[in-house]
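**Q** So I've got this file, my_file_1.cif, and it contains mmCIF, C-alpha atoms:
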```cif
data_data
#
loop_
_atom_site.label_atom_id
_atom_site.label_comp_id
_atom_site.auth_asym_id
_atom_site.auth_seq_id
_atom_site.Cartn_x
_atom_site.Cartn_y
_atom_site.Cartn_z
CA MET A 1422 -7.76 5.10 18.88
CA ASP A 1423 -6.30 5.75 22.30
CA ASP A 1424 -8.86 7.70 24.39
CA GLN A 1425 -6.43 10.39 25.43
CA VAL A 1426 -5.25 10.94 21.87
CA ALA A 1427 -8.86 11.12 20.71
CA LYS A 1428 -9.57 13.75 23.35
CA TRP A 1429 -6.54 15.84 22.38
CA LEU A 1430 -7.60 15.65 18.72
CA ALA A 1431 -11.14 16.69 19.54
CA ASP A 1432 -9.88 19.57 21.71
CA TYR A 1433 -7.49 20.76 19.02
CA ARG A 1434 -10.22 20.62 16.37
CA ALA A 1435 -12.41 22.63 18.73
CA GLY A 1436 -9.73 25.33 18.82
CA ASP A 1437 -7.50 24.47 21.78
CA PRO A 1438 -3.86 24.90 20.66
CA SER A 1439 -2.47 23.37 23.86
CA ALA A 1440 -3.99 20.05 22.78
CA LEU A 1441 -1.75 20.09 19.71
CA GLY A 1442 1.27 20.62 21.94
CA ALA A 1443 0.25 17.60 23.96
CA LEU A 1444 -0.12 15.51 20.80
CA VAL A 1445 3.30 16.55 19.57
CA GLU A 1446 4.90 15.61 22.90
CA HIS A 1447 2.99 12.33 23.11
CA THR A 1448 4.32 11.16 19.75
CA ARG A 1449 7.72 12.78 20.01
CA ARG A 1450 9.74 9.83 21.27
CA PRO A 1451 8.58 7.12 18.87
CA LEU A 1452 8.28 9.41 15.85
CA PHE A 1453 11.47 11.41 16.33
CA SER A 1454 13.58 8.39 17.22
CA PHE A 1455 12.29 6.61 14.13
CA ILE A 1456 13.18 9.57 11.92
CA LEU A 1457 16.52 9.99 13.68
CA ARG A 1458 17.44 6.40 12.94
CA MET A 1459 16.20 6.47 9.37
CA MET A 1460 18.29 9.54 8.53
CA PRO A 1461 22.07 9.74 8.71
CA ARG A 1462 22.09 13.28 10.15
CA GLY A 1463 20.31 14.57 13.21
CA ALA A 1464 19.67 18.05 11.76
CA ASP A 1465 17.59 16.60 8.96
CA ALA A 1466 15.63 14.57 11.51
CA GLU A 1467 14.40 17.76 13.21
CA ASP A 1468 13.35 19.26 9.88
CA ILE A 1469 11.56 16.08 8.88
CA PHE A 1470 9.78 15.82 12.22
CA GLN A 1471 8.60 19.40 11.77
CA GLU A 1472 7.51 18.76 8.18
CA VAL A 1473 5.58 15.64 9.19
CA TRP A 1474 3.59 17.71 11.66
CA PHE A 1475 3.01 20.51 9.14
CA LYS A 1476 1.52 17.94 6.76
CA ALA A 1477 -0.50 16.35 9.54
CA ILE A 1478 -1.97 19.70 10.60
CA ARG A 1479 -2.87 20.63 7.02
CA SER A 1480 -4.56 17.30 6.32
CA LEU A 1481 -6.09 16.66 9.73
CA ASP A 1482 -9.60 16.76 8.29
CA GLN A 1483 -8.70 13.63 6.30
CA PHE A 1484 -8.00 11.68 9.50
CA LYS A 1485 -11.28 10.19 10.69
CA ASP A 1486 -10.60 7.04 12.65
CA GLY A 1487 -7.98 4.41 13.38
CA SER A 1488 -4.60 4.96 14.97
CA PHE A 1489 -3.44 8.57 14.84
CA HIS A 1490 0.03 7.33 15.73
CA ASN A 1491 0.16 5.04 12.69
CA TRP A 1492 -1.31 7.75 10.46
CA LEU A 1493 1.63 9.98 11.43
CA PHE A 1494 4.05 7.21 10.51
CA ARG A 1495 2.34 6.85 7.15
CA ILE A 1496 2.91 10.56 6.50
CA THR A 1497 6.53 10.12 7.61
CA HIS A 1498 7.06 7.18 5.29
CA ASN A 1499 5.77 9.15 2.30
CA LEU A 1500 7.89 12.15 3.22
CA LEU A 1501 11.03 10.03 3.50
CA ILE A 1502 10.29 8.46 0.12
CA ASP A 1503 9.97 11.95 -1.43
CA ARG A 1504 13.24 13.05 0.13
CA SER A 1505 15.10 9.95 -0.96
CA ARG A 1506 13.99 10.58 -4.54
CA ARG A 1507 15.50 14.05 -4.39
CA LYS A 1508 18.88 13.00 -3.10
CA ARG A 1509 20.88 9.79 -2.89
CA PRO A 1510 21.24 8.08 0.45
CA GLU A 1511 24.51 9.03 2.04
CA THR A 1512 25.17 6.24 4.50
CA SER A 1513 28.63 4.88 4.11
CA LEU A 1514 31.02 3.09 6.40
CA GLN A 1515 33.27 6.14 6.47
CA GLU A 1516 30.54 8.56 7.48
CA GLU A 1517 31.49 10.27 10.70
CA ARG A 1518 29.00 9.83 13.49
CA ALA A 1519 28.17 12.24 16.27
CA GLU A 1520 30.46 10.35 18.62
CA ASN A 1521 33.43 11.07 16.28
CA MET A 1522 33.55 7.39 15.44
CA THR A 1523 32.98 6.08 11.95
CA LEU A 1524 30.57 3.26 11.40
CA GLU A 1525 33.53 1.11 10.50
CA ASP A 1526 35.05 1.83 13.88
CA VAL A 1527 31.90 0.76 15.62
CA LEU A 1528 31.31 -2.40 13.64
CA ALA A 1529 34.74 -3.74 12.80
CA ASP A 1530 35.96 -4.37 16.31
CA PRO A 1531 38.73 -6.97 15.82
CA ALA A 1532 38.57 -8.08 19.43
CA PRO A 1533 34.96 -8.81 20.39
CA THR A 1534 34.41 -8.23 24.10
CA PRO A 1535 32.02 -10.16 26.37
CA VAL A 1536 28.65 -8.49 26.81
CA ASP A 1537 28.33 -6.78 30.18
CA GLU A 1538 24.89 -5.90 31.52
CA ALA A 1539 26.24 -2.52 32.65
CA ASP A 1540 27.24 -1.80 29.03
CA ASP A 1541 23.79 -2.12 27.52
CA ARG A 1542 24.15 1.37 26.12
CA ASP A 1543 27.33 0.42 24.27
CA LEU A 1544 25.68 -2.71 22.93
CA GLY A 1545 22.69 -0.66 21.91
CA LEU A 1546 25.03 1.64 20.01
CA ARG A 1547 26.51 -1.35 18.18
CA ILE A 1548 23.07 -2.64 17.34
CA ARG A 1549 21.93 0.75 16.08
CA ALA A 1550 25.06 1.03 13.96
CA ALA A 1551 24.36 -2.41 12.52
CA VAL A 1552 20.79 -1.39 11.71
CA GLU A 1553 22.19 1.27 9.39
CA GLN A 1554 23.64 -1.55 7.31
CA LEU A 1555 20.19 -2.90 6.52
CA SER A 1556 18.46 -2.27 3.24
CA PRO A 1557 16.07 0.74 3.38
CA GLU A 1558 12.96 -1.46 3.41
CA GLN A 1559 14.28 -3.76 6.13
CA ARG A 1560 15.57 -0.83 8.17
CA GLU A 1561 12.20 0.86 7.95
CA VAL A 1562 10.31 -2.24 9.09
CA PHE A 1563 12.78 -2.82 11.93
CA LEU A 1564 12.58 0.78 13.12
CA LEU A 1565 8.80 1.02 12.76
CA ARG A 1566 8.60 -1.97 15.11
CA THR A 1567 11.31 -1.18 17.61
CA GLU A 1568 11.10 2.63 17.70
CA GLY A 1569 7.57 3.31 16.54
CA ASP A 1570 5.89 0.24 18.08
CA VAL A 1571 3.79 0.01 14.91
CA PRO A 1572 2.04 -3.37 14.46
CA PHE A 1573 2.92 -5.43 11.41
CA LYS A 1574 -0.54 -5.04 9.90
CA ASP A 1575 -0.03 -1.27 9.88
CA ILE A 1576 3.56 -1.57 8.69
CA ALA A 1577 2.17 -3.52 5.74
CA VAL A 1578 -0.24 -0.66 4.96
CA ILE A 1579 2.50 1.96 5.31
CA GLN A 1580 4.86 0.11 2.98
CA GLY A 1581 2.11 -1.00 0.61
CA VAL A 1582 2.89 -4.70 0.98
CA SER A 1583 1.26 -7.78 2.47
CA ILE A 1584 1.65 -8.52 6.16
CA ASN A 1585 3.67 -11.61 5.22
CA THR A 1586 6.11 -9.42 3.31
CA ALA A 1587 6.41 -7.05 6.25
CA LEU A 1588 7.11 -10.00 8.55
CA GLY A 1589 9.57 -11.41 6.05
CA ARG A 1590 11.47 -8.13 5.89
CA MET A 1591 11.68 -8.07 9.68
CA GLN A 1592 13.02 -11.62 9.75
CA TYR A 1593 15.62 -10.81 7.11
CA ALA A 1594 16.58 -7.74 9.13
CA MET A 1595 17.04 -9.88 12.26
CA HIS A 1596 19.13 -12.41 10.35
CA ARG A 1597 21.33 -9.65 8.96
CA LEU A 1598 21.80 -8.11 12.38
CA ARG A 1599 22.73 -11.49 13.83
CA SER A 1600 25.40 -11.94 11.18
CA LEU A 1601 26.73 -8.41 11.72
CA LEU A 1602 26.80 -8.68 15.50
CA GLU A 1603 27.79 -12.35 15.83
CA THR A 1604 29.42 -12.56 19.26
CA GLU A 1605 27.31 -9.83 20.76
CA TYR A 1606 24.17 -11.59 19.56
CA ALA A 1607 25.26 -14.92 21.03
CA ASP A 1608 25.95 -13.21 24.34
CA LEU A 1609 22.51 -11.65 24.48
CA ASN A 1610 21.20 -14.89 25.85
CA ARG A 1611 23.77 -15.07 28.62
CA CYS A 1612 22.83 -11.53 29.67
CA GLY A 1613 19.34 -12.71 30.40
CA GLY A 1614 16.28 -10.59 29.62
CA MET B 1325 7.69 -26.20 14.54
CA ASN B 1326 10.69 -24.97 12.53
CA ILE B 1327 12.84 -22.03 13.49
CA ASN B 1328 11.28 -19.69 10.89
CA ASP B 1329 7.82 -20.34 12.29
CA ILE B 1330 9.11 -19.73 15.80
CA GLU B 1331 10.69 -16.43 14.70
CA THR B 1332 7.48 -15.33 13.02
CA LEU B 1333 5.42 -16.08 16.09
CA VAL B 1334 7.94 -14.37 18.37
CA LEU B 1335 7.73 -11.25 16.20
CA LEU B 1336 3.94 -11.33 16.32
CA ARG B 1337 4.09 -11.80 20.07
CA GLN B 1338 6.35 -8.74 20.36
CA SER B 1339 3.89 -6.64 18.35
CA GLY B 1340 0.85 -7.91 20.24
CA GLU B 1341 -0.67 -9.38 17.09
CA ILE B 1342 -0.34 -13.09 17.93
CA ALA B 1343 -3.56 -15.06 18.02
CA PRO B 1344 -4.23 -16.91 21.32
CA ALA B 1345 -3.99 -20.31 19.64
CA ASP B 1346 -0.64 -19.40 18.08
CA LEU B 1347 0.64 -18.11 21.42
CA ALA B 1348 -0.19 -21.46 22.98
CA ARG B 1349 1.63 -23.28 20.18
CA LEU B 1350 4.66 -21.03 20.55
CA ASN B 1351 4.84 -21.52 24.32
CA GLU B 1352 4.57 -25.26 23.84
CA ALA B 1353 7.38 -25.27 21.25
CA LEU B 1354 9.66 -23.13 23.42
CA ALA B 1355 9.04 -25.30 26.45
CA ALA B 1356 9.99 -28.38 24.46
CA ASP B 1357 13.13 -26.90 22.83
CA PRO B 1358 15.65 -25.01 24.98
CA ALA B 1359 17.60 -23.87 21.91
CA ALA B 1360 14.48 -22.36 20.43
CA ALA B 1361 13.70 -20.75 23.79
CA GLY B 1362 17.16 -19.18 23.84
CA HIS B 1363 16.70 -17.91 20.30
CA ALA B 1364 13.37 -16.34 21.28
CA ARG B 1365 14.95 -14.62 24.28
CA ARG B 1366 17.71 -13.17 22.10
CA LEU B 1367 15.17 -11.85 19.64
CA ASP B 1368 13.28 -10.14 22.46
CA ARG B 1369 16.46 -8.67 23.93
CA LEU B 1370 17.72 -7.49 20.55
CA ALA B 1371 14.47 -5.61 19.92
CA GLY B 1372 14.69 -3.99 23.36
CA LEU B 1373 18.33 -2.94 23.08
CA ALA B 1374 17.82 -1.59 19.57
CA ARG B 1375 15.51 1.10 20.88
CA THR B 1376 17.05 4.57 21.09
CA PRO B 1377 17.38 5.71 24.72
CA ALA B 1378 14.91 8.41 25.73
CA ASP B 1379 17.62 10.96 26.48
CA GLU B 1380 18.77 10.80 22.85
CA THR B 1381 15.36 11.74 21.49
CA ALA B 1382 15.07 15.23 22.97
CA LEU B 1383 13.66 17.75 20.52
CA PRO B 1384 14.74 21.41 20.50
CA SER B 1385 11.90 23.60 21.77
CA PHE B 1386 11.96 25.78 18.63
CA VAL B 1387 10.74 22.79 16.57
CA ARG B 1388 7.67 22.48 18.77
CA GLU B 1389 7.12 26.24 18.60
CA ARG B 1390 7.27 26.22 14.81
CA ILE B 1391 4.65 23.47 14.69
CA LEU B 1392 2.31 25.41 16.95
CA HIS B 1393 2.93 28.59 14.95
CA GLU B 1394 2.02 26.76 11.74
CA ALA B 1395 -1.21 25.56 13.35
CA ARG B 1396 -2.11 29.12 14.39
CA SER B 1397 -1.39 30.44 10.88
CA LEU B 1398 -3.60 27.79 9.35
CA ALA B 1399 -6.38 28.59 11.79
CA ARG B 1400 -6.26 32.28 10.83
CA ALA B 1401 -6.22 31.43 7.11
CA GLY B 1402 -9.20 29.15 7.66
CA GLU B 1403 -11.24 31.98 9.19
CA HIS B 1404 -10.49 34.22 6.18
CA THR B 1405 -11.52 31.44 3.77
CA GLU B 1406 -14.81 31.04 5.62
CA ARG B 1407 -15.63 34.75 5.20
CA ARG B 1408 -14.88 34.58 1.47
CA ALA B 1409 -17.01 31.44 1.10
CA HIS B 1410 -20.00 33.30 2.57
CA ARG B 1411 -19.69 35.99 -0.13
CA TRP B 1412 -19.47 33.44 -2.89
CA SER B 1413 -22.60 31.64 -1.66
CA PHE B 1414 -24.69 34.68 -2.63
CA GLY B 1415 -23.55 34.38 -6.24
CA VAL B 1416 -24.04 30.61 -6.15
CA ARG B 1417 -27.65 31.08 -5.04
CA LEU B 1418 -28.33 33.45 -7.89
CA ALA B 1419 -26.65 31.10 -10.35
CA ALA B 1420 -28.90 28.29 -9.11
CA ALA B 1421 -31.99 30.48 -9.65
CA ALA B 1422 -30.84 31.33 -13.17
CA ALA B 1423 -30.19 27.66 -13.94
CA VAL B 1424 -33.72 26.80 -12.83
CA ALA B 1425 -35.09 29.55 -15.11
CA LEU B 1426 -33.17 28.09 -18.04
CA LEU B 1427 -34.55 24.67 -17.36
CA LEU B 1428 -38.08 26.11 -17.27
CA GLY B 1429 -37.49 27.62 -20.71
CA LEU B 1430 -37.69 31.18 -19.49
CA PRO B 1431 -35.38 33.79 -20.83
CA VAL B 1432 -32.52 34.30 -18.46
CA LEU B 1433 -32.64 37.62 -16.82
CA PHE B 1434 -29.60 38.87 -15.10
CA LEU B 1435 -30.01 41.79 -12.92
CA GLY B 1436 -27.44 43.45 -10.81
CA VAL B 1437 -27.67 46.53 -8.75
CA SER B 1438 -24.77 48.60 -7.64
CA LYS B 1439 -24.51 49.51 -4.05
CA THR B 1440 -25.63 53.07 -4.99
CA ALA B 1441 -28.84 51.66 -6.56
CA ALA B 1442 -27.94 52.60 -10.12
CA PRO B 1443 -30.41 51.50 -12.80
CA VAL B 1444 -30.65 47.78 -13.20
CA LEU B 1445 -30.22 46.71 -16.72
CA VAL B 1446 -30.09 43.42 -18.38
CA ASN B 1447 -28.96 42.01 -21.67
CA VAL B 1448 -31.80 39.97 -23.16
CA PRO B 1449 -32.05 38.77 -26.72
CA VAL B 1450 -35.89 38.76 -26.65
CA ALA B 1451 -38.23 40.76 -24.44
CA PRO B 1452 -40.53 38.33 -22.67
CA ALA B 1453 -44.28 38.72 -22.51
CA PRO B 1454 -45.42 39.77 -19.04
CA ALA B 1455 -47.24 36.47 -18.45
CA ALA B 1456 -44.07 34.51 -19.21
CA LEU B 1457 -42.14 36.11 -16.36
CA ASP B 1458 -42.28 33.81 -13.39
CA ASP B 1459 -43.49 35.64 -10.26
CA GLY B 1460 -41.53 33.34 -8.06
CA LEU B 1461 -38.29 34.12 -9.84
CA LEU B 1462 -38.96 37.84 -9.78
CA ALA B 1463 -39.74 37.63 -6.07
CA ALA B 1464 -36.54 35.73 -5.42
CA ILE B 1465 -34.58 38.41 -7.24
CA VAL B 1466 -36.25 41.11 -5.14
CA ASP B 1467 -35.61 39.09 -1.97
CA ASP B 1468 -31.92 38.98 -2.79
CA GLY B 1469 -31.91 42.75 -2.99
CA LEU B 1470 -31.31 42.97 -6.70
CA ALA B 1471 -34.43 45.01 -7.43
CA ALA B 1472 -36.83 47.24 -5.51
CA ASP B 1473 -40.09 45.35 -6.02
CA VAL B 1474 -41.68 42.80 -8.29
CA ASP B 1475 -44.05 45.14 -10.18
CA ALA B 1476 -41.38 47.71 -10.95
CA LEU B 1477 -39.13 44.91 -12.02
CA ARG B 1478 -41.73 43.44 -14.38
CA LEU B 1479 -42.51 46.86 -15.81
CA ASN B 1480 -38.88 47.63 -16.44
CA LEU B 1481 -38.34 44.35 -18.14
CA THR B 1482 -41.33 44.43 -20.44
CA ALA B 1483 -42.71 47.92 -20.99
CA GLY B 1484 -41.30 49.89 -23.91
CA LEU B 1485 -38.45 47.53 -24.56
CA PRO B 1486 -38.09 46.54 -28.17
CA ALA B 1487 -37.16 42.98 -28.67
CA GLY B 1488 -33.47 42.40 -29.00
CA ASP B 1489 -32.47 45.70 -27.48
CA ASP B 1490 -29.28 45.54 -25.55
CA LEU B 1491 -29.23 47.04 -22.16
CA ALA B 1492 -26.23 47.79 -20.06
CA LEU B 1493 -25.47 45.74 -17.07
CA ALA B 1494 -24.68 47.56 -13.87
CA ILE B 1495 -22.43 45.59 -11.60
CA GLY B 1496 -21.96 46.10 -7.92
CA ASP B 1497 -18.55 45.84 -6.29
CA GLU B 1498 -19.11 42.28 -5.07
CA ASP B 1499 -20.62 41.05 -8.30
CA GLU B 1500 -17.76 40.15 -10.55
CA LEU B 1501 -18.98 36.58 -10.28
CA LEU B 1502 -22.47 37.65 -11.35
CA ASN B 1503 -20.96 39.39 -14.36
CA GLN B 1504 -19.16 36.23 -15.39
CA LEU B 1505 -22.26 34.12 -14.85
CA ALA B 1506 -24.38 36.59 -16.76
CA SER B 1507 -22.04 36.50 -19.73
CA SER B 1508 -21.84 32.75 -19.85
CA LEU B 1509 -25.55 32.09 -19.37
CA LEU B 1510 -26.62 34.70 -21.90
CA LEU B 1511 -24.19 33.31 -24.40
CA GLU B 1512 -25.79 29.91 -23.85
CA GLN B 1513 -29.21 31.35 -24.49
CA MET B 1514 -28.07 32.87 -27.74
#
```
Taking this structure as input, can you express it in the form of structure tokens?
**A**
Amino acid sequence: MDDQVAKWLADYRAGDPSALGALVEHTRRPLFSFILRMMPRGADAEDIFQEVWFKAIRSLDQFKDGSFHNWLFRITHNLLIDRSRRKRPETSLQEERAENMTLEDVLADPAPTPVDEADDRDLGLRIRAAVEQLSPEQREVFLLRTEGDVPFKDIAVIQGVSINTALGRMQYAMHRLRSLLETEYADLNRCGG
Amino acid sequence: MNINDIETLVLLRQSGEIAPADLARLNEALAADPAAAGHARRLDRLAGLARTPADETALPSFVRERILHEARSLARAGEHTERRAHRWSFGVRLAAAAAVALLLGLPVLFLGVSKTAAPVLVNVPVAPAPAALDDGLLAAIVDDGLAADVDALRLNLTAGLPAGDDLALAIGDEDELLNQLASSLLLEQM
């Protein structure tokens, strides 16, 4: 476990509430972005982030060792599974996005444009829209890696599969993204990086 | 090395899980195959661009406040639980003493005193002979504040009590557990 995270945990367990605030902020970006990308609506992402932390606080005595970061993602995975069992996934091509563009608008560009380094954000938007087309398992693996920076061995534990299966899902996800993005993917090489 | 193997190793390299020997093999394969090298670069770039920009992951402050509030509520509830656990441990100690008495074949004596020191009475199916009453158990009962002293306790339990007489059980305000234990253990004895 990261030394700083271990210290914050120890301080929080000793009764220092500010240590919890530091832990929340430390994990905010990877955890919240993962949830944000797994869910079709931002409002739900805030609720889920909150609920993940409620569960973590209540079961903190069960966390002994290992990566606290990955333990949080395990809680998140289980919470998302519970939620998906209560309601059907609502991602559709006609779903309106925050930018007032439908997914179809973003993906089905009839005139592919050359990739421009200055438009990385636009390309990122296209990639993120394409990720929503992935199957739930592939999307989760992809986002755990790219947003959560969770290693494959821990992704395997979270999803309850072998590491080879986790790697396989990531490869399938990459193949699917390549087929969805086509020209943009080919131009990634010309952009360097 | 085929393209699937290269992809697998690139993914493991991205996650930091690639073994040194595999990293060497991958570098060798990429150096020998420009197409494979280009594919590996695109995979790296795709992973990087897929990441949500930091400015899109801001969290409203009220979410953080709710989390901290929940932690404070749990901490307060935990303190209350600890105080209640201390009260229960008294009854658990007495239950353990009674269980030991049962194992030793002694009649189970349940004594409870009210906070106003009302008479201590016990429900026993058979009045024990004085010699059969274990001094250690009587002392433990006195130590726990359930009776005034060992001799008075022994006298009360044995002198002038016909066998099988039922005596009332006086229960203090914290002794509902003792009452339940008394009922269950005496039922076992019968």
**Q** Quick one: residues within 9 Å of A:Leu1500, all atoms listed in the file counted, chain neighbours fewer than 5 positions away excluded, as a list in words?
**A** Ile1469, Glu1472, Val1473, Arg1495 and Ser1505 of chain A
**Q** In the coordinate frame of the file, compute which residues have an atom within 6 Å of (1.1, 9.3, 17.0) when using all atoms listed in the file, and state them as a PyMOL selection string.
**A** chain A and resi 1448+1489-1490+1493
**Q** At a cut-off of 10 Å, which residues of chain B touch chain A? Count only C-alpha atoms and give the answer as a ChimeraX atom specification.
**A** /B:1328,1331-1333,1335-1336,1338-1341,1361-1384,1386-1396,1398-1399
**Q** What's around A:Ala1587 at 9 Å? Count all atoms listed in the file, leave out sequence neighbours fewer than 6 positions away in its own chain, and write the answer as JSON, numbers by chain.
**A** {"A": [1559, 1562, 1573, 1574, 1576, 1577, 1580]}
**Q** For A:Ile1456, which of A:Asp1503, A:Asp1575, A:Glu1561, A:Glu1603 is the closest residue, counting only C-alpha atoms?
**A**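 Going through A:Asp1503, A:Asp1575, A:Glu1561, A:Glu1603 one by one, the smallest distance to A:Ile1456 is for A:Glu1561.
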**Q** Using all atoms listed in the file for the distances, tell me which of B:Ala1463, B:Arg1478, B:Met1325, B:Ala1401 is nearest to B:Ala1356.
**A**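 Using all atoms listed in the file, the shortest distance to B:Ala1356 belongs to B:Met1325.
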**Q** Can you tell me how far atom CA of B:Ser1397 sits from atom CA of A:His1498, in Å to one decimal?
**A**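 Atom CA of A:His1498 lies at a distance of 25.4 Å from atom CA of B:Ser1397.
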**Q** So how many Å separate atom CA of A:Lys1428 and atom CA of A:Phe1494, to one decimal?
**A** 19.8 Å
**Q** Atom CA of A:Ile1496 and atom CA of A:Met1459, how far apart in Å?
**A**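 Computed distance, atom CA of A:Met1459 to atom CA of A:Ile1496, equals 14.2 Å.
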**Q** Show me, as a VMD selection string, the residues that have an atom within 12 Å of A:Asp1486 when counting only C-alpha atoms, minus same-chain residues fewer than 2 positions from it.
**A** chain A and resid 1422 to 1424 1426 to 1427 1430 to 1431 1481 to 1484 1488 to 1492
